[in-house]
Amino acid sequence: MPKPGLYIQLFSIHGLIRGESPELGYDADTGGQVKYVLELARALAAQPEVGQVDLVTRLIEDNKLSASYSTPMEQISGNARIIRIPCGGRRYIRKELLWPHLDEFINKTLKLIKAQGRIPDIFHGHYADAGYVAMELAAAFGAPFVFTGHSLGRTKKAKLLASGQSVAEINKRYRIDHRISVEEEIIKKANLIITSTSQEIDKQYGLYDNAAQQQYAVIAPGIDLETFYPYYHSNPAPHGNNGSAKQIRLTLQRELQRFWAKPDKPFILALCRPDQRKNITGLIEAYGTDNELRAMANLAIFAGIRKNISGMEDNERNVLTDMLLKMDFYDLYGKLAIPKKHDFASEVPELYRLCAASGGVFVNPALVEPFGLTIIEASACGLPIIATNDGGPVDIVAKCASGILVDAASSRKIGAAIKEMLADPAKWQSYSRSGINGVRSHYAWESHCQRTVGCLKKLLPGYFHEPAQPGITASRSSFGARLTLLKKLLITDIDNTLTGDRARLTELLELLHNHREKIGWGVATGRSLDMTMDILAEQHIPIPDILICSVGTEIYYGPGLRIDKGWQQHLNHRWRPEEIKRELAGLDFLSSQGADGQSRFKISYFMPDDRQLLNRVIRNLRDARLRCRIIYSHGQFLDILPHRAGKGKAISYLKNKWGISPENIMAAGDSGNDEDMLRSRTCGLVVGNHSRELDPLQGKRGIFFSRHQYAGGIIDGLKHYKFL
Ligand code: GLC
Ligand code: MG
């Protein structure tokens with residue numbers, strides 16, 4: 001049971017997430033975002049206003065992976081937990097393949113929320129897939145929706161196109177256009193978007209049509225200050241293991257000494273993946289061409305782990321080969337260290353501290369740096385930095401004053417900045433000190449979370465003025481909250497069931513109004529949404545909680561008439577309307593109902609009341625192997641629907657999605673297209689004025705034939721089943 005106080009659900013669906021030793025770097029989907037959401041979940045939960053944080057991700061049961069990913073719930077701190085929801089089968093699949101399964105994820109999350117009896121106050125999605133899920137859930141519960149992109153499809157598409165791939169290839173592998181269209185919707189709907197830098201807003205979100213309508217907050221992620229502590233502290237972390245830090249330092253020193261003739265000098269440190277854009281050669285040139293600089297300091301470049309360069313990918317191989325050639329060209333033997341490998345997680349913080357202790361400087365020579373995490377980490381350790389004056393570093397240096405920004409395209413300028421830093425100890429000291437303090441006040445998860453909670457408060461006016469109470473807190477008027485609280489549900493056909501007797505109808509509507517806390521109600525009709533709205537208006541019937549339209553092929557929630565996308569996704573399976581229409585075109589006894597009768601999942605005709613003719617329709621479609629449902633009613637209507645559709649199936653879907661047991665649902669109808677909902681495991685009710693088609697249901701268990709007509713029959717049914 002979630003704890004009292006603000007209740008936040010974070011969604012991060014792809015990759016491998018667990019609290020205990022996360023397998024960062026396992027694959028492309030298990031990297032920085034996984035680390036981010038785990039640290040965020042714990043830190044948010046530690047905020048005084050926050051009662052409960054759930055990190056909701058996918059449940060994976062895969063022999064190739066640890067069993068920890070198949071636990072439905074994992075507590076990761078006093079009031080933070082990971083919740084795992086299955087979708088799209090058990091096996092681990094890459095994120096691009098998850099798209100068709102997200103509605104399943106949504107429905108299972110809804111059910112869980114219903115079961116625990118408390119609705120989150122905030123739904124926060126990370127990356128487009130989880131953004132979609134959070135957006136839909138937030139809409140269902142009338143709660144705010146917050147989004148953090150981590151990366152965006154348009155930027156990725158541009159990169160892939162530039163690398164020479166075709167649009168078709170990119171879509172096949174990355175579903176990029178689908179992702180982009182979902183992102184457009186997210187950007188339109190989100191109540192708040194959190195970015196790490198202001199450049200992200202301009203350069204990435206700026207590429208979207210809906211970008212300008214949005215509210216953004218630039219809140220940089222935090223770093224782990226227990227790992228990235230100042231160089232002059234030996235062991236500030238209560239649970240830190242100083243022995244191993246010392247061990248790591250010795251190993252690093254030994255490694256560097258293999259390269260340097262004079263290891264006691266300060267050193268210049270660069271740390272990055274071997275990627276052309278990181279501009280490693282720019283730094284080597286800056287150093288190699290400047291005799292003064294070569295005399296002042298050594299250089300150390302850690303460019304990932306390499307075994308055999310000639311066996312690496314083009315980009316990496318070229319960068320590393322270039323690096324070695326430049327080293328030779330400038331004759332940097334005895335001065336430039338290029339260690340073959342380093343263990344990222346444990347060695348990096350020690351490396352920054354070692355460099356700071358030498359009086360050195362950290363250089364990030366990349367021409368563009370969207371965020372610049374290494375710069376923040378180095379600064380936290382008290383190591384002054386030099387970086388490009390483009391992107392993330394601009395934000396960082398504005399806040400922390402931990403170093404000098406340069407035009408990184410000019411190696412001369414890089415060199416000059418390094419010298420300026422190394423030559424003036426007072427300057428070095430001041431950059432070092434303000435870096436340590438600046439990171440603590442701007443890039444700690446603590447400050448990230450304080451700012452985030454500040455933004456969330458604005459999205460929840462009123463919330464913080466009332467004492468936090470357990471129970472439902474999201475907007476009670478939202479359909480999600482309502483369906484979660486309801487005890488009973490009436491679903492009724494409209495024509496000749498609900499309508500037909502004005503006086504009884506008025507009486508029924510009053511009853512429903514008086515019992516609205518306990519009983520929800522909906523219509524299930526052959527009418528389209530428009531035609532449904534017409535008759536509701538005409539008969540002065542208020543918009544119900546649920547509208548099942550077009551013979552159970554569409555589900556809407558009142559009063560906003562939001563369509564259930566999960567149901568649409570479900571019906572799409574093997575639905576081939578064009579082929580069905582072609583197949584039936586030859587049958588001259590069928591006449592189309594015209595545009596009004598057709599919708600995405602419903603093809604409707606008029607047809608004479610003749611069993612032989614109906615059999616021909618059934619045979620034709622069966623012989624053509626077109627899977628569908630065929631429903632004939634009122635002696636004139638023929639509806640062809642997806643095989644998973646129908647009023648009864650729509651009710652089963654709602655029952656599952658909202659966790660309502662069948663004995664708490666009453667389904668009322670009068671004719672053939674109501675038959676399947678009457679037959680489903682709910683409490684069935686047939687009104688006294690029913691048509692002959694329903695006669696075979698007489699005497700069936702769970703179906704009550706009322707003697708009363710129209711709405712009078714419904715009232716009789718509500719009494720019969722003790723709903724009132
Ligand atoms: C409603 C619809 C029609 C459908 C019929 C039977 O009258 O408008 O299209 O065929 O119900 O379901
Ligand atoms: Mg009817």
# chains A, B, ... in the order shown; residues from 1 in each chain; ligands from 1
call {"tool": "residues_near_ligand", "arguments": {"ligand": "ligand 2", "cutoff": "7 Å", "atoms": "only C-alpha atoms and all ligand atoms", "output": "CSV table (one decimal) with N, CA and C atoms, in the first residue's frame"}}
result
chain,number,residue,atom,x,y,z
A,493,ASP,N,-28.3,-1.0,-23.6
A,493,ASP,CA,-28.6,-0.6,-25.0
A,493,ASP,C,-29.4,0.6,-25.0
A,494,ILE,N,-29.4,1.4,-26.1
A,494,ILE,CA,-30.2,2.6,-26.1
A,494,ILE,C,-31.6,2.4,-26.7
A,495,ASP,N,-31.6,2.1,-28.0
A,495,ASP,CA,-32.9,2.1,-28.7
A,495,ASP,C,-33.8,1.0,-28.3
A,496,ASN,N,-35.0,1.4,-27.8
A,496,ASN,CA,-36.0,0.4,-27.3
A,496,ASN,C,-35.6,-0.3,-26.0
A,497,THR,N,-34.5,0.1,-25.4
A,497,THR,CA,-34.3,-0.5,-24.1
A,497,THR,C,-34.3,0.8,-23.1
A,669,GLY,N,-30.7,-5.2,-22.6
A,669,GLY,CA,-30.9,-5.1,-24.0
A,669,GLY,C,-32.3,-5.6,-24.5
A,670,ASP,N,-32.5,-5.4,-25.8
A,670,ASP,CA,-33.8,-5.8,-26.3
A,670,ASP,C,-33.7,-6.6,-27.6
A,671,SER,N,-32.5,-6.6,-28.2
A,671,SER,CA,-32.5,-7.2,-29.6
A,671,SER,C,-31.2,-8.0,-29.9
call {"tool": "select_by_dssp", "arguments": {"residues": "region 99-225 of chain A", "states": "helix (DSSP H, G or I)", "output": "ChimeraX atom specification"}}
result
/A:99-116,127-141,153-162,167-174,176-189,198-207,211-213
call {"tool": "residues_near_ligand", "arguments": {"ligand": "ligand 1", "cutoff": "9 Å", "atoms": "only C-alpha atoms and all ligand atoms", "output": "PyMOL selection string"}}
result
chain A and resi 495+525-528+531-532+549-551+593-594+596-598+602-606+631-634+636-640+672-674
call {"tool": "closest_residue", "arguments": {"among": "A:Asn308, A:Ser234, A:Thr71, A:Thr321", "to": "Gln276 (chain A)", "atoms": "only C-alpha atoms"}}
result
A:Thr321
call {"tool": "select_by_dssp", "arguments": {"residues": "region 406-644 of chain A", "states": "strand (DSSP E)", "output": "ChimeraX atom specification"}}
result
/A:406,488-492,519-524,546-549,554-557,562-563,591-592,603-606,629-633,637-641
call {"tool": "residues_around", "arguments": {"residues": "region 432-435 of chain A", "least_positions_apart": "3", "cutoff": "10 Å", "atoms": "only C-alpha atoms", "output": "count of residues only"}}
result
31
call {"tool": "residues_around", "arguments": {"residues": "Ala366 (chain A)", "least_positions_apart": "4", "cutoff": "7 Å", "atoms": "only C-alpha atoms", "output": "mmCIF file with all heavy atoms, in the first residue's frame"}}
result
data_model
loop_
_atom_site.group_PDB
_atom_site.id
_atom_site.type_symbol
_atom_site.label_atom_id
_atom_site.label_comp_id
_atom_site.auth_asym_id
_atom_site.auth_seq_id
_atom_site.Cartn_x
_atom_site.Cartn_y
_atom_site.Cartn_z
ATOM 1 N N ARG A 277 33.403 12.895 -33.183
ATOM 2 C CA ARG A 277 32.839 14.156 -32.700
ATOM 3 C C ARG A 277 33.430 14.618 -31.377
ATOM 4 O O ARG A 277 33.231 15.741 -30.965
ATOM 5 C CB ARG A 277 31.317 14.011 -32.559
ATOM 6 C CG ARG A 277 30.607 14.037 -33.882
ATOM 7 C CD ARG A 277 29.185 13.622 -33.710
ATOM 8 N NE ARG A 277 29.119 12.299 -33.068
ATOM 9 C CZ ARG A 277 28.004 11.607 -32.898
ATOM 10 N NH1 ARG A 277 26.870 12.122 -33.272
ATOM 11 N NH2 ARG A 277 28.014 10.416 -32.326
ATOM 12 N N LYS A 278 34.126 13.708 -30.703
ATOM 13 C CA LYS A 278 34.711 14.081 -29.410
ATOM 14 C C LYS A 278 36.003 14.887 -29.587
ATOM 15 O O LYS A 278 36.554 15.399 -28.610
ATOM 16 C CB LYS A 278 34.959 12.840 -28.551
ATOM 17 C CG LYS A 278 33.691 12.067 -28.208
ATOM 18 C CD LYS A 278 32.807 12.840 -27.233
ATOM 19 C CE LYS A 278 31.535 12.072 -26.928
ATOM 20 N NZ LYS A 278 30.614 12.809 -26.071
ATOM 21 N N ASN A 279 36.509 14.935 -30.812
ATOM 22 C CA ASN A 279 37.637 15.824 -31.150
ATOM 23 C C ASN A 279 38.902 15.580 -30.317
ATOM 24 O O ASN A 279 39.547 16.521 -29.857
ATOM 25 C CB ASN A 279 37.173 17.297 -31.004
ATOM 26 C CG ASN A 279 38.194 18.286 -31.544
ATOM 27 O OD1 ASN A 279 38.958 17.964 -32.466
ATOM 28 N ND2 ASN A 279 38.251 19.473 -30.957
ATOM 29 N N THR A 388 33.899 23.105 -24.593
ATOM 30 C CA THR A 388 33.364 23.889 -25.702
ATOM 31 C C THR A 388 32.334 24.914 -25.213
ATOM 32 O O THR A 388 31.622 24.671 -24.230
ATOM 33 C CB THR A 388 32.702 22.966 -26.745
ATOM 34 O OG1 THR A 388 32.114 23.767 -27.756
ATOM 35 C CG2 THR A 388 31.612 22.119 -26.116
ATOM 36 N N ALA A 408 36.051 25.197 -29.366
ATOM 37 C CA ALA A 408 36.832 23.962 -29.415
ATOM 38 C C ALA A 408 37.319 23.618 -30.825
ATOM 39 O O ALA A 408 38.148 22.731 -31.003
ATOM 40 C CB ALA A 408 36.029 22.809 -28.837
#
call {"tool": "atom_distance", "arguments": {"atom1": "CA of Pro22 (chain A)", "atom2": "CA of Ile223 (chain A)"}}
result
16.2 Å
call {"tool": "residues_around", "arguments": {"residues": "Leu110 (chain A)", "least_positions_apart": "5", "cutoff": "10 Å", "atoms": "only C-alpha atoms", "output": "tab-separated table (two decimals) with N, CA, C and O atoms, in the first residue's frame"}}
result
chain	number	residue	atom	x	y	z
A	104	GLU	N	-1.41	-2.71	-23.68
A	104	GLU	CA	-1.51	-3.81	-22.72
A	104	GLU	C	-0.86	-3.37	-21.39
A	104	GLU	O	-1.40	-3.62	-20.31
A	105	PHE	N	0.25	-2.71	-21.51
A	105	PHE	CA	0.95	-2.20	-20.32
A	105	PHE	C	0.05	-1.24	-19.55
A	105	PHE	O	-0.08	-1.31	-18.33
A	115	ALA	N	-6.60	-2.18	-7.90
A	115	ALA	CA	-6.47	-3.19	-6.85
A	115	ALA	C	-5.89	-2.58	-5.57
A	115	ALA	O	-6.30	-2.94	-4.47
A	119	ILE	N	-4.81	6.16	-6.31
A	119	ILE	CA	-4.39	6.66	-7.62
A	119	ILE	C	-3.21	7.61	-7.44
A	119	ILE	O	-3.23	8.48	-6.58
A	137	LEU	N	-2.49	7.23	-19.00
A	137	LEU	CA	-2.94	7.01	-17.62
A	137	LEU	C	-3.33	8.33	-16.96
A	137	LEU	O	-4.34	8.42	-16.26
A	140	ALA	N	-6.67	9.28	-18.09
A	140	ALA	CA	-7.72	8.46	-17.48
A	140	ALA	C	-8.03	8.95	-16.07
A	140	ALA	O	-9.18	8.94	-15.65
A	141	PHE	N	-7.02	9.38	-15.35
A	141	PHE	CA	-7.24	9.74	-13.95
A	141	PHE	C	-7.33	11.25	-13.73
A	141	PHE	O	-7.41	11.70	-12.59
A	480	GLY	N	-11.26	7.90	-14.79
A	480	GLY	CA	-10.43	6.86	-14.21
A	480	GLY	C	-10.68	6.70	-12.73
A	480	GLY	O	-10.88	5.60	-12.21
A	484	THR	N	-12.55	3.57	-10.87
A	484	THR	CA	-11.78	2.88	-9.85
A	484	THR	C	-12.58	2.76	-8.55
A	484	THR	O	-12.44	1.80	-7.81
A	656	ASN	N	-12.10	-6.39	-17.31
A	656	ASN	CA	-10.70	-6.68	-17.02
A	656	ASN	C	-9.91	-5.43	-16.75
A	656	ASN	O	-9.13	-5.35	-15.81
A	657	LYS	N	-10.11	-4.45	-17.62
A	657	LYS	CA	-9.30	-3.25	-17.52
A	657	LYS	C	-9.52	-2.53	-16.19
A	657	LYS	O	-8.58	-2.07	-15.57
A	658	TRP	N	-10.77	-2.45	-15.78
A	658	TRP	CA	-11.07	-1.69	-14.57
A	658	TRP	C	-11.30	-2.56	-13.36
A	658	TRP	O	-11.72	-2.09	-12.30
A	659	GLY	N	-11.06	-3.85	-13.52
A	659	GLY	CA	-11.16	-4.76	-12.40
A	659	GLY	C	-12.53	-4.78	-11.74
A	659	GLY	O	-12.67	-4.66	-10.53
call {"tool": "closest_residue", "arguments": {"among": "A:Ala130, A:Ala212, A:Leu38, A:Ala138", "to": "Val182 (chain A)", "atoms": "only C-alpha atoms"}}
result
A:Ala130
call {"tool": "closest_residue", "arguments": {"among": "A:Lys722, A:His124, A:Lys518, A:Arg154", "to": "Glu136 (chain A)", "atoms": "only C-alpha atoms"}}
result
A:His124
call {"tool": "closest_residue", "arguments": {"among": "A:Leu483, A:Leu256, A:Leu422, A:Ile187", "to": "Lys114 (chain A)", "atoms": "only C-alpha atoms"}}
result
A:Leu483
